[in-house]
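Novice: Pasting input08.cif below, which is mmCIF, C-alpha atoms.
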data_model
#
loop_
_atom_site.label_atom_id
_atom_site.label_comp_id
_atom_site.auth_asym_id
_atom_site.auth_seq_id
_atom_site.Cartn_x
_atom_site.Cartn_y
_atom_site.Cartn_z
CA MET A 503 -178.17 -28.78 8.68
CA LYS A 504 -180.93 -26.68 10.15
CA PHE A 505 -183.26 -27.73 12.90
CA ARG A 506 -186.11 -26.12 14.70
CA VAL A 507 -186.84 -27.15 18.28
CA LEU A 508 -190.24 -26.32 19.74
CA VAL A 509 -190.33 -26.27 23.54
CA ARG A 510 -193.72 -26.21 25.22
CA LEU A 511 -195.04 -26.48 28.74
CA LYS A 512 -196.36 -29.98 29.32
CA PRO A 513 -200.11 -30.46 29.05
CA GLY A 514 -201.75 -29.83 32.39
CA ILE A 515 -199.20 -27.29 33.57
CA LEU A 516 -200.85 -23.93 34.00
CA ASP A 517 -199.42 -21.42 31.53
CA VAL A 518 -200.01 -18.08 33.22
CA GLN A 519 -198.27 -16.23 30.41
CA GLY A 520 -200.56 -17.83 27.84
CA ALA A 521 -203.60 -16.95 29.93
CA ALA A 522 -202.50 -13.31 30.11
CA VAL A 523 -201.95 -13.16 26.34
CA ARG A 524 -205.38 -14.71 25.76
CA LYS A 525 -206.96 -12.03 27.97
CA ALA A 526 -205.13 -9.31 26.05
CA LEU A 527 -206.41 -10.76 22.77
CA ALA A 528 -209.94 -10.80 24.19
CA GLY A 529 -209.47 -7.12 25.01
CA LEU A 530 -208.68 -6.52 21.33
CA GLY A 531 -211.89 -8.23 20.34
CA PHE A 532 -210.53 -11.73 19.71
CA THR A 533 -213.03 -13.25 22.07
CA GLU A 534 -213.20 -16.53 20.15
CA VAL A 535 -209.80 -17.66 21.49
CA SER A 536 -210.60 -20.51 23.87
CA ASP A 537 -207.04 -21.55 24.72
CA LEU A 538 -203.57 -20.17 24.14
CA ARG A 539 -200.20 -21.43 25.30
CA VAL A 540 -196.83 -19.77 24.86
CA GLY A 541 -193.75 -21.79 23.98
CA LYS A 542 -190.28 -21.27 22.58
CA VAL A 543 -188.72 -21.77 19.17
CA ILE A 544 -185.01 -22.55 19.05
CA GLU A 545 -183.38 -22.60 15.62
CA ILE A 546 -180.15 -24.57 15.37
CA GLU A 547 -177.65 -24.97 12.56
CA LEU A 548 -175.02 -27.64 12.87
CA ASP A 549 -172.38 -29.40 10.81
CA THR A 550 -172.87 -33.14 11.05
CA ALA A 551 -172.24 -35.91 8.54
CA THR A 552 -175.75 -37.32 8.43
CA ALA A 553 -179.24 -36.09 9.22
CA ASP A 554 -179.77 -38.92 11.68
CA ALA A 555 -176.60 -38.02 13.57
CA ALA A 556 -177.65 -34.39 13.64
CA ARG A 557 -181.09 -35.23 14.93
CA ALA A 558 -179.57 -37.38 17.66
CA ARG A 559 -177.28 -34.53 18.72
CA VAL A 560 -180.16 -32.07 18.84
CA GLY A 561 -182.13 -34.56 20.93
CA GLU A 562 -179.22 -34.72 23.36
CA MET A 563 -179.15 -30.90 23.51
CA CYS A 564 -182.84 -30.90 24.39
CA ARG A 565 -182.36 -33.45 27.15
CA GLN A 566 -179.33 -31.71 28.64
CA LEU A 567 -180.28 -28.05 28.37
CA LEU A 568 -182.89 -26.79 25.93
CA ALA A 569 -185.92 -28.21 27.74
CA ASN A 570 -186.56 -28.73 31.43
CA PRO A 571 -188.03 -32.25 31.71
CA VAL A 572 -189.95 -31.29 34.85
CA LEU A 573 -192.00 -28.69 32.99
CA GLU A 574 -191.52 -28.95 29.27
CA ASP A 575 -191.95 -31.20 26.24
CA TYR A 576 -190.07 -30.65 23.00
CA THR A 577 -190.35 -31.56 19.35
CA ILE A 578 -187.51 -31.52 16.85
CA GLU A 579 -188.12 -30.59 13.22
CA MET A 580 -185.58 -30.55 10.41
CA ALA A 581 -185.76 -27.40 8.34
CA ASP A 582 -185.89 -29.58 5.19
CA ASP A 583 -189.02 -31.31 6.49
CA LEU A 584 -190.54 -27.94 7.18
CA ALA A 585 -189.61 -26.59 3.72
CA ARG A 586 -191.31 -29.56 2.13
CA ARG A 587 -194.45 -28.71 4.07
CA GLY A 588 -194.15 -25.06 3.04
CA ALA A 589 -193.59 -23.94 6.62
CA VAL A 590 -190.13 -22.47 5.98
CA ARG A 591 -188.97 -20.39 3.06
CA MET B 1314 -166.39 -22.76 58.85
CA ARG B 1315 -165.18 -21.67 55.41
CA PHE B 1316 -167.76 -20.26 53.04
CA GLY B 1317 -167.65 -19.67 49.31
CA VAL B 1318 -170.09 -17.32 47.59
CA VAL B 1319 -170.49 -18.18 43.91
CA VAL B 1320 -170.57 -15.33 41.42
CA PHE B 1321 -172.12 -15.76 37.96
CA PRO B 1322 -172.45 -12.97 35.43
CA GLY B 1323 -175.69 -11.36 36.59
CA THR B 1324 -175.60 -12.48 40.23
CA TRP B 1325 -176.72 -9.69 42.53
CA SER B 1326 -176.84 -11.00 46.12
CA ASP B 1327 -173.19 -12.07 46.24
CA CYS B 1328 -171.97 -8.96 48.09
CA ASP B 1329 -174.86 -9.19 50.56
CA PHE B 1330 -174.04 -12.80 51.43
CA HIS B 1331 -170.33 -12.00 51.65
CA TYR B 1332 -171.06 -9.10 53.99
CA VAL B 1333 -173.34 -11.13 56.27
CA ILE B 1334 -170.92 -14.05 56.50
CA SER B 1335 -167.84 -11.91 57.12
CA GLU B 1336 -169.19 -8.91 59.06
CA VAL B 1337 -172.17 -10.34 60.94
CA LEU B 1338 -171.17 -13.98 61.41
CA HIS B 1339 -167.40 -13.35 61.42
CA GLN B 1340 -166.66 -16.43 59.35
CA PRO B 1341 -164.04 -16.78 56.63
CA VAL B 1342 -165.56 -16.29 53.19
CA LYS B 1343 -164.40 -15.83 49.63
CA TYR B 1344 -165.97 -15.29 46.26
CA VAL B 1345 -165.95 -18.23 43.83
CA TRP B 1346 -166.09 -17.37 40.13
CA HIS B 1347 -168.46 -19.54 38.09
CA ARG B 1348 -165.65 -21.03 36.00
CA GLU B 1349 -163.85 -22.45 39.03
CA ARG B 1350 -163.97 -26.14 39.83
CA ASP B 1351 -161.86 -26.26 42.96
CA LEU B 1352 -164.08 -26.19 46.05
CA ASP B 1353 -161.79 -28.30 48.22
CA ASP B 1354 -161.08 -25.64 50.84
CA LEU B 1355 -164.76 -24.87 51.48
CA ASP B 1356 -167.32 -26.23 53.95
CA CYS B 1357 -170.35 -24.39 52.60
CA VAL B 1358 -171.03 -23.02 49.14
CA VAL B 1359 -173.65 -20.29 48.72
CA LEU B 1360 -175.48 -19.79 45.42
CA PRO B 1361 -176.89 -16.27 45.72
CA GLY B 1362 -179.83 -14.61 44.04
CA GLY B 1363 -179.82 -12.54 40.90
CA PHE B 1364 -180.18 -13.21 37.22
CA SER B 1365 -177.31 -15.50 36.30
CA TYR B 1366 -176.59 -15.32 32.57
CA GLY B 1367 -179.58 -13.01 32.28
CA ASP B 1368 -181.85 -15.96 33.08
CA TYR B 1369 -181.65 -16.73 29.36
CA LEU B 1370 -183.57 -19.82 28.24
CA ARG B 1371 -184.95 -20.40 31.76
CA ALA B 1372 -184.08 -18.99 35.18
CA GLY B 1373 -180.91 -20.77 36.30
CA ALA B 1374 -180.71 -22.98 33.19
CA VAL B 1375 -177.31 -21.87 31.93
CA ALA B 1376 -175.80 -21.49 35.41
CA GLY B 1377 -177.04 -25.00 36.23
CA ARG B 1378 -174.59 -26.35 33.62
CA SER B 1379 -171.61 -24.17 34.59
CA PRO B 1380 -168.24 -25.55 35.75
CA VAL B 1381 -168.73 -24.53 39.38
CA VAL B 1382 -172.14 -26.21 39.59
CA ASP B 1383 -170.69 -29.31 37.99
CA ALA B 1384 -168.04 -29.30 40.72
CA LEU B 1385 -170.80 -28.97 43.32
CA ARG B 1386 -171.89 -32.54 42.59
CA ASP B 1387 -168.62 -33.90 43.97
CA PHE B 1388 -168.66 -31.30 46.74
CA VAL B 1389 -172.11 -32.48 47.86
CA ALA B 1390 -171.11 -36.14 47.54
CA ARG B 1391 -168.20 -35.42 49.90
CA GLY B 1392 -170.62 -34.03 52.49
CA GLY B 1393 -170.26 -30.33 51.71
CA HIS B 1394 -173.16 -27.99 52.43
CA VAL B 1395 -174.89 -25.85 49.82
CA LEU B 1396 -177.31 -22.98 50.35
CA GLY B 1397 -179.10 -21.69 47.27
CA SER B 1398 -181.35 -18.68 47.64
CA CYS B 1399 -183.66 -17.27 44.97
CA ASN B 1400 -181.76 -17.68 41.68
CA GLY B 1401 -179.55 -20.10 43.61
CA PHE B 1402 -182.59 -22.31 44.28
CA GLN B 1403 -183.53 -22.13 40.61
CA ILE B 1404 -179.98 -23.17 39.69
CA LEU B 1405 -180.01 -26.13 42.09
CA CYS B 1406 -183.27 -27.37 40.54
CA GLU B 1407 -181.99 -26.84 37.01
CA ALA B 1408 -178.82 -28.76 37.88
CA GLY B 1409 -180.85 -31.63 39.30
CA LEU B 1410 -179.30 -31.21 42.74
CA LEU B 1411 -182.82 -30.59 44.04
CA PRO B 1412 -186.04 -31.99 42.56
CA GLY B 1413 -188.73 -29.94 40.82
CA ALA B 1414 -188.59 -26.60 39.07
CA LEU B 1415 -189.44 -22.95 39.58
CA MET B 1416 -191.89 -21.28 37.23
CA ARG B 1417 -193.20 -17.83 36.56
CA ASN B 1418 -195.23 -16.49 39.50
CA GLU B 1419 -198.90 -17.30 39.14
CA CYS B 1420 -199.78 -13.62 39.58
CA LEU B 1421 -197.35 -12.77 36.73
CA GLN B 1422 -195.95 -10.00 38.93
CA TYR B 1423 -192.46 -9.68 40.27
CA ARG B 1424 -192.95 -9.99 44.02
CA CYS B 1425 -190.67 -8.09 46.38
CA GLN B 1426 -192.12 -8.31 49.86
CA SER B 1427 -191.71 -9.67 53.34
CA THR B 1428 -192.95 -13.23 53.84
CA HIS B 1429 -193.54 -15.54 56.78
CA LEU B 1430 -191.96 -18.96 56.53
CA VAL B 1431 -193.27 -21.86 58.57
CA VAL B 1432 -190.50 -24.28 59.49
CA GLU B 1433 -191.46 -27.85 58.73
CA ASN B 1434 -188.28 -29.89 58.96
CA VAL B 1435 -185.73 -29.19 61.68
CA GLU B 1436 -183.55 -32.17 60.90
CA THR B 1437 -181.41 -30.42 58.33
CA ALA B 1438 -178.05 -28.76 58.85
CA PHE B 1439 -179.67 -25.39 58.17
CA THR B 1440 -182.66 -25.76 60.50
CA ARG B 1441 -181.56 -27.97 63.37
CA GLY B 1442 -181.52 -24.93 65.66
CA LEU B 1443 -185.16 -24.19 64.95
CA ARG B 1444 -188.35 -25.79 66.20
CA PRO B 1445 -191.12 -27.24 64.04
CA GLY B 1446 -193.82 -24.69 63.31
CA GLN B 1447 -191.55 -21.75 64.10
CA VAL B 1448 -192.32 -18.73 61.92
CA LEU B 1449 -189.44 -16.85 60.31
CA THR B 1450 -189.69 -13.52 58.56
CA MET B 1451 -187.67 -13.09 55.38
CA PRO B 1452 -188.17 -11.14 52.18
CA ILE B 1453 -188.71 -12.57 48.74
CA SER B 1454 -187.75 -10.83 45.51
CA HIS B 1455 -188.51 -12.81 42.37
CA GLY B 1456 -190.61 -13.19 39.27
CA GLU B 1457 -190.18 -16.95 38.91
CA GLY B 1458 -190.62 -18.60 42.27
CA LYS B 1459 -193.61 -20.83 41.82
CA TYR B 1460 -192.38 -24.23 42.89
CA HIS B 1461 -193.57 -27.14 40.78
CA ALA B 1462 -193.09 -30.87 41.12
CA ASP B 1463 -195.14 -33.68 39.61
CA PRO B 1464 -197.36 -35.72 41.98
CA GLU B 1465 -194.81 -38.51 42.31
CA ALA B 1466 -191.98 -36.10 43.10
CA LEU B 1467 -194.20 -34.38 45.66
CA ARG B 1468 -194.95 -37.70 47.34
CA THR B 1469 -191.22 -38.40 47.52
CA LEU B 1470 -190.53 -34.94 48.96
CA LYS B 1471 -193.05 -35.59 51.69
CA ALA B 1472 -191.95 -39.15 52.37
CA ARG B 1473 -188.34 -38.04 52.79
CA ARG B 1474 -189.32 -34.91 54.72
CA GLN B 1475 -187.58 -32.67 52.20
CA ILE B 1476 -190.01 -29.77 52.50
CA VAL B 1477 -188.32 -27.34 54.89
CA PHE B 1478 -190.25 -24.07 54.59
CA ARG B 1479 -193.76 -23.14 53.51
CA TYR B 1480 -195.18 -19.66 53.05
CA GLY B 1481 -197.62 -18.96 55.88
CA GLU B 1482 -199.37 -16.33 57.92
CA ALA B 1483 -197.69 -14.58 60.85
CA ASP B 1484 -199.43 -17.02 63.19
CA GLY B 1485 -198.04 -20.05 61.36
CA ARG B 1486 -201.14 -21.08 59.44
CA VAL B 1487 -200.32 -22.15 55.89
CA THR B 1488 -203.03 -20.53 53.78
CA ARG B 1489 -203.67 -19.79 50.15
CA THR B 1490 -203.55 -16.04 50.80
CA ALA B 1491 -200.07 -16.37 52.31
CA ASN B 1492 -198.75 -17.90 49.09
CA PRO B 1493 -197.06 -15.06 47.18
CA ASN B 1494 -196.32 -16.87 43.92
CA GLY B 1495 -198.65 -19.84 43.56
CA SER B 1496 -196.09 -22.39 44.75
CA LEU B 1497 -197.27 -25.98 44.99
CA GLU B 1498 -198.58 -26.46 48.55
CA ASN B 1499 -196.96 -23.15 49.57
CA ILE B 1500 -193.48 -24.66 49.28
CA ALA B 1501 -190.80 -22.01 49.84
CA GLY B 1502 -187.74 -24.18 50.48
CA ILE B 1503 -186.63 -27.81 50.17
CA VAL B 1504 -183.55 -29.92 50.89
CA ASN B 1505 -181.92 -32.95 49.33
CA PRO B 1506 -182.65 -36.25 51.10
CA GLU B 1507 -179.42 -35.89 53.13
CA GLY B 1508 -180.42 -32.43 54.38
CA THR B 1509 -177.17 -30.85 53.22
CA VAL B 1510 -178.38 -28.90 50.18
CA LEU B 1511 -181.01 -26.26 50.90
CA GLY B 1512 -182.81 -24.26 48.23
CA LEU B 1513 -185.24 -21.51 49.14
CA MET B 1514 -186.76 -18.59 47.28
CA PRO B 1515 -186.59 -16.12 50.23
CA HIS B 1516 -183.44 -14.14 50.97
CA PRO B 1517 -181.85 -14.99 54.34
CA GLU B 1518 -179.06 -12.48 53.66
CA ARG B 1519 -181.62 -9.70 53.55
CA ALA B 1520 -182.85 -10.59 57.04
CA ALA B 1521 -179.58 -10.54 58.90
CA GLU B 1522 -179.41 -7.32 60.92
CA ALA B 1523 -181.98 -5.45 63.00
CA ALA B 1524 -181.84 -2.55 60.55
CA MET B 1525 -183.15 -4.88 57.84
CA GLY B 1526 -186.32 -5.52 59.85
CA SER B 1527 -185.53 -9.14 60.70
CA THR B 1528 -182.56 -11.20 61.75
CA ASP B 1529 -184.23 -14.54 61.08
CA GLY B 1530 -182.00 -15.22 58.10
CA LEU B 1531 -179.07 -15.60 60.48
CA LEU B 1532 -180.78 -18.58 62.11
CA LEU B 1533 -180.03 -20.71 59.06
CA PHE B 1534 -176.35 -19.89 59.25
CA GLN B 1535 -176.23 -20.28 63.01
CA SER B 1536 -177.89 -23.66 62.75
CA LEU B 1537 -175.26 -24.60 60.26
CA LEU B 1538 -172.49 -23.34 62.47
CA GLY B 1539 -173.87 -25.36 65.32
CA SER B 1540 -173.95 -22.44 67.71
CA LEU B 1541 -177.63 -22.86 68.39
CA VAL B 1542 -177.35 -26.50 69.25
CA GLU B 1543 -175.37 -25.75 72.39
CA ASP B 1544 -177.18 -22.60 73.41
CA GLY B 1545 -180.90 -23.24 73.06
CA SER B 1546 -181.88 -19.85 74.43
CA PHE B 1547 -181.99 -18.40 70.96
CA LEU B 1548 -184.45 -20.93 69.67
CA LYS B 1549 -187.54 -20.74 71.76
CA ARG B 1550 -188.66 -17.24 71.05
#
Spell out the structure here as structure tokens.

Specialist:
Amino acid sequence: MKFRVLVRLKPGILDVQGAAVRKALAGLGFTEVSDLRVGKVIEIELDTATADAARARVGEMCRQLLANPVLEDYTIEMADDLARRGAVR
Amino acid sequence: MRFGVVVFPGTWSDCDFHYVISEVLHQPVKYVWHRERDLDDLDCVVLPGGFSYGDYLRAGAVAGRSPVVDALRDFVARGGHVLGSCNGFQILCEAGLLPGALMRNECLQYRCQSTHLVVENVETAFTRGLRPGQVLTMPISHGEGKYHADPEALRTLKARRQIVFRYGEADGRVTRTANPNGSLENIAGIVNPEGTVLGLMPHPERAAEAAMGSTDGLLLFQSLLGSLVEDGSFLKR
């Protein structure tokens, strides 16, 4: 089963990297960008009996390592969900 | 006092700490590989600076889940002392042994420079030989040293007097301009509530001999060793 974990800085935490990228985009003429935040995508494949069990394991991975709860939020998406939405080929 | 200096793949200040402890402080010291779990023969464990595991995922994230750091929890519970500098501080926060987290510097630059640290709490094992408001000079060398804690965690830090060092001016004023990385309230170093686990971004091992420009880093070790408690002459400079 394939999962995609999105890790983002929590709202309200200044993303200096995002601000620098936004400035660089403005320098390229993309002056309409009003906000930009940089996050991480972690793609995980695992062998688990059921989708629910897999999702629970990935959630545990997020809590224990993949995200830092002081700074970051995460969302877990199953690749199948994404394929249905046309987000993954 | 027996010291252990932890070595992760990518640690870079291990030799410096080992040198200072053995050659300057003349204390027994050994390297501790990150896979080891046996810390029984040690009194103080040092987590040095560097880029453990390449700082993959987040600075200190992978090291914070390593066998040796897992063993540190028992070590600390038994009353052992831990000093984490730079990447070591990041690891202690990632492991949950200290509250908060360290983020990319607000200026986005890697900062390698001398800093002035204002001593705030002298009731820790590492600072009991110092006086409140004393200014120490130590270098920093990091790209991710901006300390962050949520408002509740900050209140707790203050209530328990866990803030040990703040970046300041040479005269001891804590100002915005003296803050090299955008740290919350200029925080440069904190301890656990018991005062036995110290994490700081500056490098005490790089301020340990006159040739380095400062010997203030030794004060932390000497406080720990208790030598300053008996001979106060050193303190009131």

Novice: Between atom CA of Val1487 of chain B and atom CA of Gln519 of chain A, what is the distance, to one decimal in Å?

Specialist: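 Calculated distance between atom CA of Val1487 of chain B and atom CA of Gln519 of chain A is 26.2 Å.
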
Novice: Hey, list the chain A side of the contact with chain B: 8 Å cut-off, only C-alpha atoms, answer as a list in words.

Specialist: Val518, Gln519, Leu567, Leu568, Asn570, Val572 and Leu573 of chain A

Novice: Take the PyMOL selection byres ((chain A and resi 508) around 10), apply it to the structure above, and return the hits as a list in words.

Specialist: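 When the PyMOL selection byres ((chain A and resi 508) around 10) is applied, the selected residues are Phe505, Arg506, Val507, Val509, Arg510, Gly541, Lys542, Val543, Ile544, Glu545, Cys564, Leu568, Ala569, Glu574, Asp575, Tyr576, Thr577, Ile578 and Glu579 of chain A.
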
Novice: If the PyMOL selection byres ((chain B and resi 1354) around 12) were run on this exact file, what residues would it hold? Put them as a VMD selection string.

Specialist: chain B and resid 1314 to 1317 1341 to 1343 1345 1350 to 1353 1355 to 1358 1388 1393

Novice: Given the file above and the PyMOL selection byres ((chain B and resi 1324) around 10), which residues are selected, and can you give them as a PDB file with C-alpha atoms, in the frame of the given file?

Specialist:
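Dumped to out.pdb:
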ATOM      1  CA  VAL B1319    -170.490 -18.180  43.910  1.00  0.00           C
ATOM      2  CA  VAL B1320    -170.570 -15.330  41.420  1.00  0.00           C
ATOM      3  CA  PHE B1321    -172.120 -15.760  37.960  1.00  0.00           C
ATOM      4  CA  PRO B1322    -172.450 -12.970  35.430  1.00  0.00           C
ATOM      5  CA  GLY B1323    -175.690 -11.360  36.590  1.00  0.00           C
ATOM      6  CA  TRP B1325    -176.720  -9.690  42.530  1.00  0.00           C
ATOM      7  CA  SER B1326    -176.840 -11.000  46.120  1.00  0.00           C
ATOM      8  CA  ASP B1327    -173.190 -12.070  46.240  1.00  0.00           C
ATOM      9  CA  CYS B1328    -171.970  -8.960  48.090  1.00  0.00           C
ATOM     10  CA  LEU B1360    -175.480 -19.790  45.420  1.00  0.00           C
ATOM     11  CA  PRO B1361    -176.890 -16.270  45.720  1.00  0.00           C
ATOM     12  CA  GLY B1362    -179.830 -14.610  44.040  1.00  0.00           C
ATOM     13  CA  GLY B1363    -179.820 -12.540  40.900  1.00  0.00           C
ATOM     14  CA  PHE B1364    -180.180 -13.210  37.220  1.00  0.00           C
ATOM     15  CA  SER B1365    -177.310 -15.500  36.300  1.00  0.00           C
ATOM     16  CA  TYR B1366    -176.590 -15.320  32.570  1.00  0.00           C
ATOM     17  CA  GLY B1367    -179.580 -13.010  32.280  1.00  0.00           C
ATOM     18  CA  ASN B1400    -181.760 -17.680  41.680  1.00  0.00           C
ATOM     19  CA  GLY B1401    -179.550 -20.100  43.610  1.00  0.00           C
TER      20      GLY B1401
END

Novice: May I ask for the distance between atom CA of Lys1459 of chain B and atom CA of Val523 of chain A, given in Å to one decimal place?

Specialist: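 Distance between the two atoms: 19.2 Å.
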
Novice: Using all atoms listed in the file, which protein or nucleic acid residues come within 8 Å of Pro1517 of chain B? Drop anything in the same chain fewer than 4 positions from it, and give the result as a PyMOL selection string.

Specialist: chain B and resi 1398+1451-1452+1521+1529-1531+1533

Novice: Give me a file of those residues, with C-alpha atoms, as a compact mmCIF listing (two decimals), in the coordinates of the input.

Specialist:
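Generated file (selection.txt):
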# COMPACT_ATOMS: atom_id res chain seq x y z
CA SER B 1398 -181.35 -18.68 47.64
CA MET B 1451 -187.67 -13.09 55.38
CA PRO B 1452 -188.17 -11.14 52.18
CA ALA B 1521 -179.58 -10.54 58.90
CA ASP B 1529 -184.23 -14.54 61.08
CA GLY B 1530 -182.00 -15.22 58.10
CA LEU B 1531 -179.07 -15.60 60.48
CA LEU B 1533 -180.03 -20.71 59.06

Novice: A:Arg559, A:Arg524, A:Lys504, A:Lys512: which is nearest Pro571 of chain A, counting all atoms listed in the file?

Specialist: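 Comparing A:Arg559, A:Arg524, A:Lys504, A:Lys512 against Pro571 of chain A, the winner is A:Lys512.
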
Novice: Between atom CA of Leu511 of chain A and atom CA of Cys1399 of chain B, what is the distance, to one decimal in Å?

Specialist: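 If I compute the distance from atom CA of Leu511 of chain A to atom CA of Cys1399 of chain B, I get 21.9 Å.
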
Novice: Please return, as a PyMOL selection string, all polymer residues that have at least one atom within 6 Å of the point (-195.6, -20.8, 49.8); use all atoms listed in the file and the file's own coordinate frame.

Specialist: chain B and resi 1479-1480+1492+1496+1499-1501

Novice: Identify which of the residues A:Met563, A:Ala556, A:Ala551, A:Leu516 lies closest to Asp537 of chain A, counting all atoms listed in the file when measuring atom-to-atom distances.

Specialist: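 Smallest separation from Asp537 of chain A among the options: A:Leu516.
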